[in-house]
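A.B. asks: Supplied in C-alpha cells, the structure appears directly below.
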Amino acid sequence: MSQDLSPTKFSLAWLWAVTQLVRRDLKVRYKNSALGFFWSFLNPLMQIVILTIVFKYIMGSTIKNFSMELFTCFLPWMFFSQALNDGAVCVAKDFLLVRKYAFPRIILPIASLTSNLVHLGLGFLVLFAIFLVLPVAFNIYFLWVLPLLAIQCCLTLGLMLLFATLHMYYEDIRFLLGSAIQLLFFLCPIVYTVDQVLTSERLSAFWKEFYLLANPLTPLFIGYRTALLHGGEWPLADYFTYLAASIAWALAVLCLGLMVWRRHQWRFPELV
Amino acid sequence: MSEAAVEVRSLSKKFIVRHERRPSVKRLFTRLLRPFPSNVLWALRGISLSIEPGQAVGLIGENGSGKSTLLRIVAGILRPTEGSVHVRGRAGGLFELAAGFHPELSGRDNIWLSGALMGYSPRQVAERFDTIVEFSEMADFIDIPVKSYSSGMALRVGFAIAVAFEPEVLLVDEVLAVADAHFQRKAYGHLRRLQERGTALIIVSHETAAIRGTCSRALWLDHGQLRRDGDTNEVLDEYLAYAERNNHG
Ligand SMILES: Nc1ncnc2c1ncn2[C@@H]1O[C@H](COP(=O)(O)OP(=O)(O)OP(=O)(O)O)[C@@H](O)[C@H]1O
Ligand SMILES: [Mg+2]
C-alpha cells in the first residue's frame, strides 16, 4: 500500500523518503567518493589547528589540553551551525520538488538535520580514533552525549523550521543568520571554558547567571566536554538546573517552529 | 457517493503576487511603516467539473489562464482558496518540464528519490524500476548524472516514472513537446492504454492535434474561468476560431 499523500501529513512511512534525501545530500556533499568525507573534514580540522595556535600559543590560554577541549565542543558546534545554514535553505533548495510532489514538507528539514547528524557521527569517529591514539580511556560517561544530542536536535530542528519558513519570504535572512551564527560561536564556551566565565571579575553575578540560562547551547557544550574528557565531573554544582533550562528552551523553540511551519507550509509552492 | 475520479466544486484559487523586488528583511521593516502594495490575482474562479474513471480530458487555454494551477490543485500540491476537490485514489503526474531531478545524481538515484517522494514504498519502486528504465529506453544512461542528459532524455525518465505507478488520476502538463516523434507516439499510445484500463487523464497541451487524438472531452480555461466544457472537436474549433479572431485584432 502506498501511504496517504498530503503536504501536511507526516507518518513514519515517510522515513524511507527521508533516507533517500539523506543519501542524496551525502552523495552530493562527499562528491560520490569515499575520500569526500575527509575533504569536507579538512576545513574544520584546519580551524581547530588555527584556533589552538591563536588561543594557546599566542594568547597563552591556561586551559590544559586545549585542542582536545576545543575538539569535543567544535564537533557539536559544527553540527549546529551547518544544520542551521542548510536548514534555512532546505525548502528553497528543493523548491522544484515541492512544486512537483505532494510529500509532507517537513521531511525536508528532517532530512537536512539527519544528514548533518550522519556527518557529526563520522566526526565523532575521528575523535574516537584520536582518543585511541592519545590514549584516552573510553568510559560510561561518554553515553551522556546521546541525551545531550537529542536536546540539541530538538533545538536545531525548531530553529530550522523557523528560518526555512522565514527564508521563503525574506531571502536575505540567510546573511543575517550567518552573522548571528558567527557571533554565537563566541557566546558559547567553545574556545574558552565555563570556569573562565564564572571566575571572571569583570562580570557581575547577574550576567553569569544570564550567560548560563539564556543560551540553551551553553549547558550542552559544558555537557559534551565533561562527558568526553572529565569523566562526568560536572563543573557546576547546579549543572542540572541549567540543563533543564536548556531543555525548556529546546522544546519551546521546537513548538514555535512547528506552529509557524504548520501555518505556512501550504504556501511554499506558491512563493516563487 | 459520486463515482467520479475527480470532482471539483466551485473551485477558486487566489495568489498574492509578489513584486519585482525580492522581499527582504529591510522591506520587512519599511513595510511596518508604509504597507507595501500586494496584488491579488484570482488564477481560478468558480470551476466545477467532474471526470469519470477512464475518461481523457484535454485542458486548453491561453498562457496564464490557470491550467497548471488547476492540475497542481488536483494533485494536492496547492490548496484551493475556495471550493473543494475530491480525487478518488491517487493523483500523480508530470508538471511542466521534467525538472526536479537532481543534476548531480544518476538517473537511477533520481528514480529512487522520485518514487520515495511520491510516497511509494521501497518494494513498490523496486518492482517498477526495470519497467521505468525500459520504457524510457535509457538503460545505457541510467548510471550517469542527470546533468549530462538532454531535456528530452530527462523527460523520458520523468514520464516513465509518472506512468509506472499507474495512479488513478494522471496529470500531464505540456511535457511531451520536447520528446522526439518516436517517444511521443509511444507516450500517447501508453496514455490511451492506461485510459482503457480506467485511468482518468487530464492533458494540458498547446498542440491541438495531440489533444484531438487522445481526448474525447476538452475544457477551455479563459482567465481562470471555465469557458467551455464539451466534445473535443467542438471546443477546440471554437478555441482556435477565438485565437484567430484575436490575431486579426
Ligand atoms: N505562485 C504564483 N504566485 C503568483 N501568481 C501565480 C503563481 N502561479 C501562477 N500564478 C498566476 O496564475 C495565473 C495562472 O498561471 P498558470 O501557471 O496556471 O497558467 P497556465 O494556464 O498553466 O499557463 P501556460 O500555458 O503558460 O503554462 C497566471 O496569471 C500566473 O501569473
Ligand atoms: Mg502551465
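Going through the C-alpha cells in order, the chains are called A, B, and so on, while each chain numbers its residues from 1 and the ligands are numbered from 1 in the order shown.
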List all protein, DNA and RNA residues that have any atom at most 6 Å from ligand 1, counting only C-alpha atoms and all ligand atoms, and write the list as a PyMOL selection string.
C.D. replies: (chain A and resi 270-272) or (chain B and resi 15-17+43+62-69)
A.B. asks: Deliver the residues from the most recent selection as a file, using N, CA and C atoms, as a CSV table (one decimal), in the first residue's frame.
C.D. replies:
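And here is the file that came out, part21.csv:
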```
chain,number,residue,atom,x,y,z
A,270,GLU,N,3.8,28.2,-3.6
A,270,GLU,CA,3.4,29.4,-4.3
A,270,GLU,C,4.4,30.5,-4.3
A,271,LEU,N,5.4,30.4,-3.4
A,271,LEU,CA,6.3,31.5,-3.2
A,271,LEU,C,7.5,31.5,-4.2
A,272,VAL,N,7.1,31.8,-5.4
A,272,VAL,CA,8.2,31.7,-6.4
A,272,VAL,C,9.1,32.9,-6.4
B,15,PHE,N,-3.9,34.0,-5.7
B,15,PHE,CA,-2.5,34.1,-5.4
B,15,PHE,C,-2.2,35.6,-5.0
B,16,ILE,N,-1.3,35.7,-4.1
B,16,ILE,CA,-0.8,37.0,-3.7
B,16,ILE,C,0.5,37.2,-4.6
B,17,VAL,N,0.4,38.1,-5.5
B,17,VAL,CA,1.5,38.3,-6.4
B,17,VAL,C,2.6,39.2,-5.8
B,43,ALA,N,-6.4,33.2,-9.9
B,43,ALA,CA,-5.9,32.3,-11.1
B,43,ALA,C,-7.0,31.4,-11.5
B,62,GLU,N,-5.3,30.0,-23.0
B,62,GLU,CA,-4.1,30.9,-23.3
B,62,GLU,C,-3.1,30.7,-22.1
B,63,ASN,N,-1.9,31.2,-22.4
B,63,ASN,CA,-0.8,31.2,-21.4
B,63,ASN,C,-1.4,32.0,-20.2
B,64,GLY,N,-1.2,31.5,-19.0
B,64,GLY,CA,-1.6,32.2,-17.8
B,64,GLY,C,-3.1,32.1,-17.5
B,65,SER,N,-3.8,31.1,-18.2
B,65,SER,CA,-5.2,31.0,-17.9
B,65,SER,C,-5.5,30.2,-16.7
B,66,GLY,N,-4.5,29.5,-16.1
B,66,GLY,CA,-4.7,28.8,-14.9
B,66,GLY,C,-4.7,27.2,-15.0
B,67,LYS,N,-4.2,26.7,-16.2
B,67,LYS,CA,-4.2,25.3,-16.4
B,67,LYS,C,-3.3,24.6,-15.4
B,68,SER,N,-2.0,25.1,-15.3
B,68,SER,CA,-1.1,24.4,-14.4
B,68,SER,C,-1.6,24.5,-13.0
B,69,THR,N,-2.1,25.6,-12.6
B,69,THR,CA,-2.7,25.8,-11.3
B,69,THR,C,-3.7,24.8,-11.0
```
A.B. asks: Step one, run DSSP on the backbone; step two, keep only residues of segment 22-197 of chain B assigned to helix (DSSP H, G or I); then write them as a ChimeraX atom specification.
C.D. replies: /B:25-33,67-74,107-117,122-136,139-141,146-148,151-164,176-178,181-196
A.B. asks: For chain B, work out the contacting residues on chain A at 7 Å, counting only C-alpha atoms, and write them as number ranges by chain.
C.D. replies: A: 2-3, 5-7, 16-17, 20-21, 28, 96-97, 99-103, 169-173, 266
A.B. asks: Between B:Val178, B:Ala164, B:Ala241, B:Ile203, which is the closest to ligand 2 once you count only C-alpha atoms and all ligand atoms?
C.D. replies: B:Ile203
A.B. asks: Can you tell me, as an MDAnalysis selection string, what residues are no more than 9 Å from Val157 of chain B when counting only C-alpha atoms, ignoring any on the same chain fewer than 4 positions away?
C.D. replies: chainID B and resid 98 107 111 132:133 135:138 152:153 161:162
A.B. asks: Would you pick out the contacts of Leu162 of chain A at 10 Å or less, using only C-alpha atoms, so that residues sharing its chain but fewer than 2 positions from it are not included, and give the list as a list in words?
C.D. replies: Gly87, Ala88, Thr156, Leu157, Gly158, Leu159, Met160, Ala164, Thr165, Leu166, His167, Val253, Leu254, Leu256, Gly257, Leu258, Met259, Val260 and Trp261 of chain A
A.B. asks: Include N, CA, C and O atoms and write out the residues we just selected as a short mmCIF file (atom, residue, chain, number, x, y, z; two decimals), in the first residue's frame.
C.D. replies:
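Result file again-v9.cif:
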```cif
data_model
loop_
_atom_site.label_atom_id
_atom_site.label_comp_id
_atom_site.auth_asym_id
_atom_site.auth_seq_id
_atom_site.Cartn_x
_atom_site.Cartn_y
_atom_site.Cartn_z
N GLY A 87 19.48 24.19 6.90
CA GLY A 87 18.05 24.18 7.20
C GLY A 87 17.35 25.42 6.68
O GLY A 87 16.23 25.36 6.18
N ALA A 88 18.01 26.56 6.76
CA ALA A 88 17.38 27.80 6.32
C ALA A 88 17.03 27.75 4.84
O ALA A 88 16.06 28.37 4.41
N THR A 156 17.74 22.51 17.31
CA THR A 156 18.16 22.81 15.94
C THR A 156 17.00 22.68 14.97
O THR A 156 16.79 23.54 14.11
N LEU A 157 16.22 21.60 15.11
CA LEU A 157 15.09 21.41 14.20
C LEU A 157 14.10 22.57 14.32
O LEU A 157 13.60 23.09 13.31
N GLY A 158 13.84 22.99 15.56
CA GLY A 158 12.93 24.12 15.76
C GLY A 158 13.42 25.36 15.03
O GLY A 158 12.65 26.03 14.32
N LEU A 159 14.71 25.65 15.18
CA LEU A 159 15.27 26.83 14.50
C LEU A 159 15.25 26.66 12.99
O LEU A 159 15.00 27.60 12.24
N MET A 160 15.51 25.43 12.52
CA MET A 160 15.48 25.17 11.09
C MET A 160 14.10 25.45 10.51
O MET A 160 13.95 26.05 9.45
N ALA A 164 13.69 28.29 7.82
CA ALA A 164 13.31 27.85 6.47
C ALA A 164 12.04 28.58 6.03
O ALA A 164 11.92 29.00 4.88
N THR A 165 11.10 28.75 6.94
CA THR A 165 9.87 29.47 6.62
C THR A 165 10.17 30.93 6.33
O THR A 165 9.73 31.48 5.31
N LEU A 166 10.92 31.56 7.23
CA LEU A 166 11.28 32.97 7.04
C LEU A 166 11.98 33.19 5.71
O LEU A 166 11.72 34.15 4.99
N HIS A 167 12.87 32.25 5.37
CA HIS A 167 13.66 32.39 4.15
C HIS A 167 12.79 32.38 2.90
O HIS A 167 13.15 32.99 1.89
N VAL A 253 11.33 26.27 21.51
CA VAL A 253 11.70 26.64 20.14
C VAL A 253 11.10 25.65 19.13
O VAL A 253 10.59 26.03 18.08
N LEU A 254 11.15 24.36 19.48
CA LEU A 254 10.59 23.35 18.57
C LEU A 254 9.09 23.56 18.38
O LEU A 254 8.57 23.51 17.26
N LEU A 256 7.39 26.36 18.75
CA LEU A 256 7.20 27.58 17.97
C LEU A 256 7.47 27.30 16.49
O LEU A 256 6.69 27.69 15.61
N GLY A 257 8.57 26.59 16.23
CA GLY A 257 8.92 26.24 14.85
C GLY A 257 7.81 25.44 14.18
O GLY A 257 7.42 25.72 13.05
N LEU A 258 7.28 24.46 14.90
CA LEU A 258 6.22 23.63 14.32
C LEU A 258 4.96 24.45 14.04
O LEU A 258 4.30 24.28 13.02
N MET A 259 4.66 25.38 14.95
CA MET A 259 3.47 26.22 14.76
C MET A 259 3.60 27.08 13.52
O MET A 259 2.69 27.17 12.69
N VAL A 260 4.76 27.72 13.39
CA VAL A 260 4.99 28.58 12.23
C VAL A 260 4.96 27.75 10.95
O VAL A 260 4.34 28.12 9.95
N TRP A 261 5.62 26.60 11.00
CA TRP A 261 5.67 25.71 9.84
C TRP A 261 4.27 25.30 9.41
O TRP A 261 3.92 25.35 8.23
#
```
A.B. asks: What's the separation between atom CA of Val194 of chain A and atom CA of Asn116 of chain A, in Å to one decimal place?
C.D. replies: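 Computed distance, atom CA of Val194 of chain A to atom CA of Asn116 of chain A, equals 26.4 Å.
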A.B. asks: Could you give me, as a count of residues only, each residue of segment 2-244 of chain B that DSSP assigns to strand (DSSP E) when run on this structure's backbone?
C.D. replies: 64
A.B. asks: Atom CA of Gly61 of chain B and atom CA of His206 of chain B, how far apart in Å?
C.D. replies: 8.1 Å
A.B. asks: Go ahead and compute the interatomic distance for atom CA of Ala179 of chain B and atom CA of Pro53 of chain B, in Å to one decimal.
C.D. replies: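 Between these atoms lies a distance of 26.8 Å.
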A.B. asks: Can you tell me which residues surround segment 8-13 of chain B at a distance of at most 9 Å, considering only C-alpha atoms, apart from same-chain residues fewer than 2 positions away, and format the answer as a compact mmCIF listing (two decimals) with all heavy atoms, in the first residue's frame?
C.D. replies:
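Done, and the output landed in out-v3.txt:
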```
# COMPACT_ATOMS: atom_id res chain seq x y z
N VAL B 6 -12.43 12.50 -10.41
CA VAL B 6 -12.10 13.84 -9.94
C VAL B 6 -13.39 14.63 -9.84
O VAL B 6 -14.18 14.65 -10.78
CB VAL B 6 -11.15 14.58 -10.91
CG1 VAL B 6 -10.82 15.97 -10.38
CG2 VAL B 6 -9.88 13.79 -11.14
N PHE B 15 -3.92 33.99 -5.71
CA PHE B 15 -2.49 34.13 -5.44
C PHE B 15 -2.23 35.55 -4.97
O PHE B 15 -2.86 36.49 -5.43
CB PHE B 15 -1.66 33.91 -6.71
CG PHE B 15 -1.52 32.47 -7.09
CD1 PHE B 15 -1.98 32.02 -8.32
CD2 PHE B 15 -0.92 31.56 -6.23
CE1 PHE B 15 -1.85 30.69 -8.68
CE2 PHE B 15 -0.78 30.23 -6.59
CZ PHE B 15 -1.25 29.79 -7.82
N LEU B 41 -4.41 38.03 -7.19
CA LEU B 41 -4.72 37.52 -8.53
C LEU B 41 -5.55 36.25 -8.39
O LEU B 41 -5.15 35.31 -7.71
CB LEU B 41 -3.41 37.22 -9.26
CG LEU B 41 -3.51 36.83 -10.72
CD1 LEU B 41 -2.35 37.42 -11.48
CD2 LEU B 41 -3.54 35.32 -10.89
N TRP B 42 -6.73 36.29 -8.98
CA TRP B 42 -7.55 35.07 -8.95
C TRP B 42 -7.18 34.23 -10.17
O TRP B 42 -7.60 34.52 -11.28
CB TRP B 42 -9.03 35.43 -8.93
CG TRP B 42 -9.45 35.97 -7.59
CD1 TRP B 42 -9.42 37.27 -7.19
CD2 TRP B 42 -9.88 35.20 -6.46
NE1 TRP B 42 -9.83 37.37 -5.88
CE2 TRP B 42 -10.11 36.11 -5.41
CE3 TRP B 42 -10.08 33.84 -6.23
CZ2 TRP B 42 -10.55 35.70 -4.15
CZ3 TRP B 42 -10.52 33.44 -4.97
CH2 TRP B 42 -10.75 34.36 -3.95
N ALA B 43 -6.38 33.18 -9.94
CA ALA B 43 -5.93 32.34 -11.05
C ALA B 43 -7.03 31.40 -11.51
O ALA B 43 -7.07 30.99 -12.67
CB ALA B 43 -4.70 31.55 -10.64
N LEU B 44 -7.94 31.05 -10.60
CA LEU B 44 -9.08 30.20 -10.95
C LEU B 44 -10.31 30.76 -10.25
O LEU B 44 -10.23 31.21 -9.11
CB LEU B 44 -8.86 28.75 -10.50
CG LEU B 44 -7.73 27.97 -11.14
CD1 LEU B 44 -7.54 26.65 -10.42
CD2 LEU B 44 -8.01 27.73 -12.63
N ARG B 45 -11.43 30.72 -10.95
CA ARG B 45 -12.65 31.28 -10.37
C ARG B 45 -13.84 30.38 -10.65
O ARG B 45 -14.17 30.12 -11.81
CB ARG B 45 -12.93 32.63 -10.99
CG ARG B 45 -12.70 33.78 -10.02
CD ARG B 45 -13.29 35.00 -10.62
NE ARG B 45 -12.25 35.71 -11.37
CZ ARG B 45 -11.85 36.93 -11.04
NH1 ARG B 45 -12.39 37.55 -10.02
NH2 ARG B 45 -10.94 37.54 -11.76
N GLY B 46 -14.42 29.86 -9.61
CA GLY B 46 -15.68 29.13 -9.71
C GLY B 46 -15.67 27.97 -10.69
O GLY B 46 -16.58 27.81 -11.50
N ILE B 47 -14.65 27.14 -10.62
CA ILE B 47 -14.57 25.99 -11.53
C ILE B 47 -15.32 24.80 -10.93
O ILE B 47 -15.07 24.42 -9.79
CB ILE B 47 -13.10 25.55 -11.73
CG1 ILE B 47 -12.21 26.72 -12.11
CG2 ILE B 47 -13.00 24.39 -12.71
CD1 ILE B 47 -12.21 27.05 -13.55
N SER B 48 -16.22 24.23 -11.70
CA SER B 48 -16.88 22.99 -11.28
C SER B 48 -16.78 22.00 -12.43
O SER B 48 -17.09 22.34 -13.56
CB SER B 48 -18.35 23.22 -10.94
OG SER B 48 -18.46 24.02 -9.79
N LEU B 49 -16.35 20.81 -12.13
CA LEU B 49 -16.32 19.78 -13.17
C LEU B 49 -16.15 18.43 -12.51
O LEU B 49 -15.78 18.32 -11.35
CB LEU B 49 -15.19 20.04 -14.16
CG LEU B 49 -13.78 20.22 -13.63
CD1 LEU B 49 -13.01 18.90 -13.61
CD2 LEU B 49 -13.03 21.21 -14.52
N SER B 50 -16.48 17.40 -13.28
CA SER B 50 -16.24 16.08 -12.73
C SER B 50 -15.75 15.18 -13.86
O SER B 50 -16.17 15.30 -15.01
CB SER B 50 -17.49 15.58 -12.02
OG SER B 50 -18.06 14.51 -12.69
N ILE B 51 -14.80 14.34 -13.54
CA ILE B 51 -14.17 13.49 -14.56
C ILE B 51 -14.31 12.03 -14.11
O ILE B 51 -14.03 11.70 -12.96
CB ILE B 51 -12.68 13.88 -14.73
CG1 ILE B 51 -12.59 15.32 -15.23
CG2 ILE B 51 -11.99 12.93 -15.69
CD1 ILE B 51 -11.19 15.88 -15.24
N THR B 69 -2.14 25.65 -12.62
CA THR B 69 -2.65 25.83 -11.27
C THR B 69 -3.73 24.80 -10.97
O THR B 69 -3.72 24.17 -9.89
CB THR B 69 -3.22 27.25 -11.11
OG1 THR B 69 -2.21 28.19 -11.50
CG2 THR B 69 -3.65 27.51 -9.69
N LEU B 70 -4.64 24.58 -11.92
CA LEU B 70 -5.70 23.59 -11.72
C LEU B 70 -5.11 22.20 -11.50
O LEU B 70 -5.51 21.48 -10.58
CB LEU B 70 -6.66 23.61 -12.92
CG LEU B 70 -7.82 22.61 -12.87
CD1 LEU B 70 -8.66 22.83 -11.62
CD2 LEU B 70 -8.69 22.73 -14.12
N ILE B 73 -3.61 21.79 -8.08
CA ILE B 73 -4.61 21.65 -7.01
C ILE B 73 -5.15 20.23 -7.01
O ILE B 73 -5.31 19.61 -5.95
CB ILE B 73 -5.73 22.70 -7.17
CG1 ILE B 73 -5.16 24.09 -6.89
CG2 ILE B 73 -6.87 22.40 -6.22
CD1 ILE B 73 -6.13 25.22 -7.12
N VAL B 74 -5.41 19.68 -8.20
CA VAL B 74 -5.90 18.30 -8.27
C VAL B 74 -4.86 17.34 -7.70
O VAL B 74 -5.18 16.37 -7.02
CB VAL B 74 -6.26 17.92 -9.73
CG1 VAL B 74 -6.58 16.44 -9.83
CG2 VAL B 74 -7.44 18.74 -10.22
N ARG B 79 -3.39 24.31 -2.33
CA ARG B 79 -4.66 24.20 -1.63
C ARG B 79 -5.65 25.18 -2.23
O ARG B 79 -5.28 26.32 -2.51
CB ARG B 79 -4.42 24.53 -0.16
CG ARG B 79 -5.61 24.31 0.71
CD ARG B 79 -5.25 24.38 2.16
NE ARG B 79 -4.62 25.66 2.50
CZ ARG B 79 -4.40 26.05 3.75
NH1 ARG B 79 -4.75 25.28 4.74
NH2 ARG B 79 -3.82 27.20 3.99
N PRO B 80 -6.91 24.76 -2.46
CA PRO B 80 -7.88 25.69 -3.02
C PRO B 80 -8.15 26.83 -2.04
O PRO B 80 -8.09 26.63 -0.83
CB PRO B 80 -9.16 24.85 -3.17
CG PRO B 80 -8.78 23.45 -2.91
CD PRO B 80 -7.48 23.43 -2.21
N THR B 81 -8.39 28.03 -2.56
CA THR B 81 -8.78 29.13 -1.70
C THR B 81 -10.25 28.97 -1.31
O THR B 81 -10.64 29.17 -0.16
CB THR B 81 -8.59 30.48 -2.43
OG1 THR B 81 -7.27 30.51 -2.97
CG2 THR B 81 -8.76 31.65 -1.48
N GLU B 82 -11.07 28.62 -2.30
CA GLU B 82 -12.48 28.34 -2.04
C GLU B 82 -12.86 27.08 -2.80
O GLU B 82 -12.24 26.74 -3.80
CB GLU B 82 -13.37 29.49 -2.54
CG GLU B 82 -13.28 30.73 -1.69
CD GLU B 82 -13.84 31.95 -2.41
OE1 GLU B 82 -14.51 31.78 -3.45
OE2 GLU B 82 -13.59 33.07 -1.93
N GLY B 83 -13.94 26.45 -2.37
CA GLY B 83 -14.42 25.27 -3.06
C GLY B 83 -13.67 24.02 -2.65
O GLY B 83 -12.86 24.05 -1.72
N SER B 84 -13.93 22.93 -3.35
CA SER B 84 -13.32 21.67 -2.93
C SER B 84 -12.93 20.81 -4.12
O SER B 84 -13.45 20.98 -5.22
CB SER B 84 -14.30 20.90 -2.04
OG SER B 84 -15.40 20.51 -2.83
N VAL B 85 -11.98 19.93 -3.87
CA VAL B 85 -11.54 18.98 -4.90
C VAL B 85 -11.48 17.61 -4.25
O VAL B 85 -10.90 17.45 -3.17
CB VAL B 85 -10.14 19.35 -5.43
CG1 VAL B 85 -9.61 18.26 -6.34
CG2 VAL B 85 -10.17 20.68 -6.14
N HIS B 86 -12.15 16.65 -4.87
CA HIS B 86 -12.04 15.28 -4.36
C HIS B 86 -11.46 14.39 -5.44
O HIS B 86 -11.90 14.43 -6.58
CB HIS B 86 -13.40 14.75 -3.94
CG HIS B 86 -13.91 15.41 -2.71
ND1 HIS B 86 -13.41 15.13 -1.46
CD2 HIS B 86 -14.85 16.37 -2.54
CE1 HIS B 86 -14.02 15.88 -0.57
NE2 HIS B 86 -14.90 16.66 -1.19
N VAL B 87 -10.48 13.62 -5.07
CA VAL B 87 -9.86 12.69 -6.02
C VAL B 87 -10.06 11.29 -5.47
O VAL B 87 -9.77 11.04 -4.30
CB VAL B 87 -8.35 12.99 -6.17
CG1 VAL B 87 -7.69 11.92 -7.00
CG2 VAL B 87 -8.15 14.36 -6.80
N GLY B 224 -8.94 32.01 -15.96
CA GLY B 224 -9.32 31.36 -14.70
C GLY B 224 -10.75 30.87 -14.65
O GLY B 224 -11.16 30.29 -13.64
```
A.B. asks: Would you mind listing what lies within 8 Å of Leu75 of chain A as a VMD selection string, with only C-alpha atoms counted and same-chain residues fewer than 6 positions away left out?
C.D. replies: chain A and resid 120 123 to 124
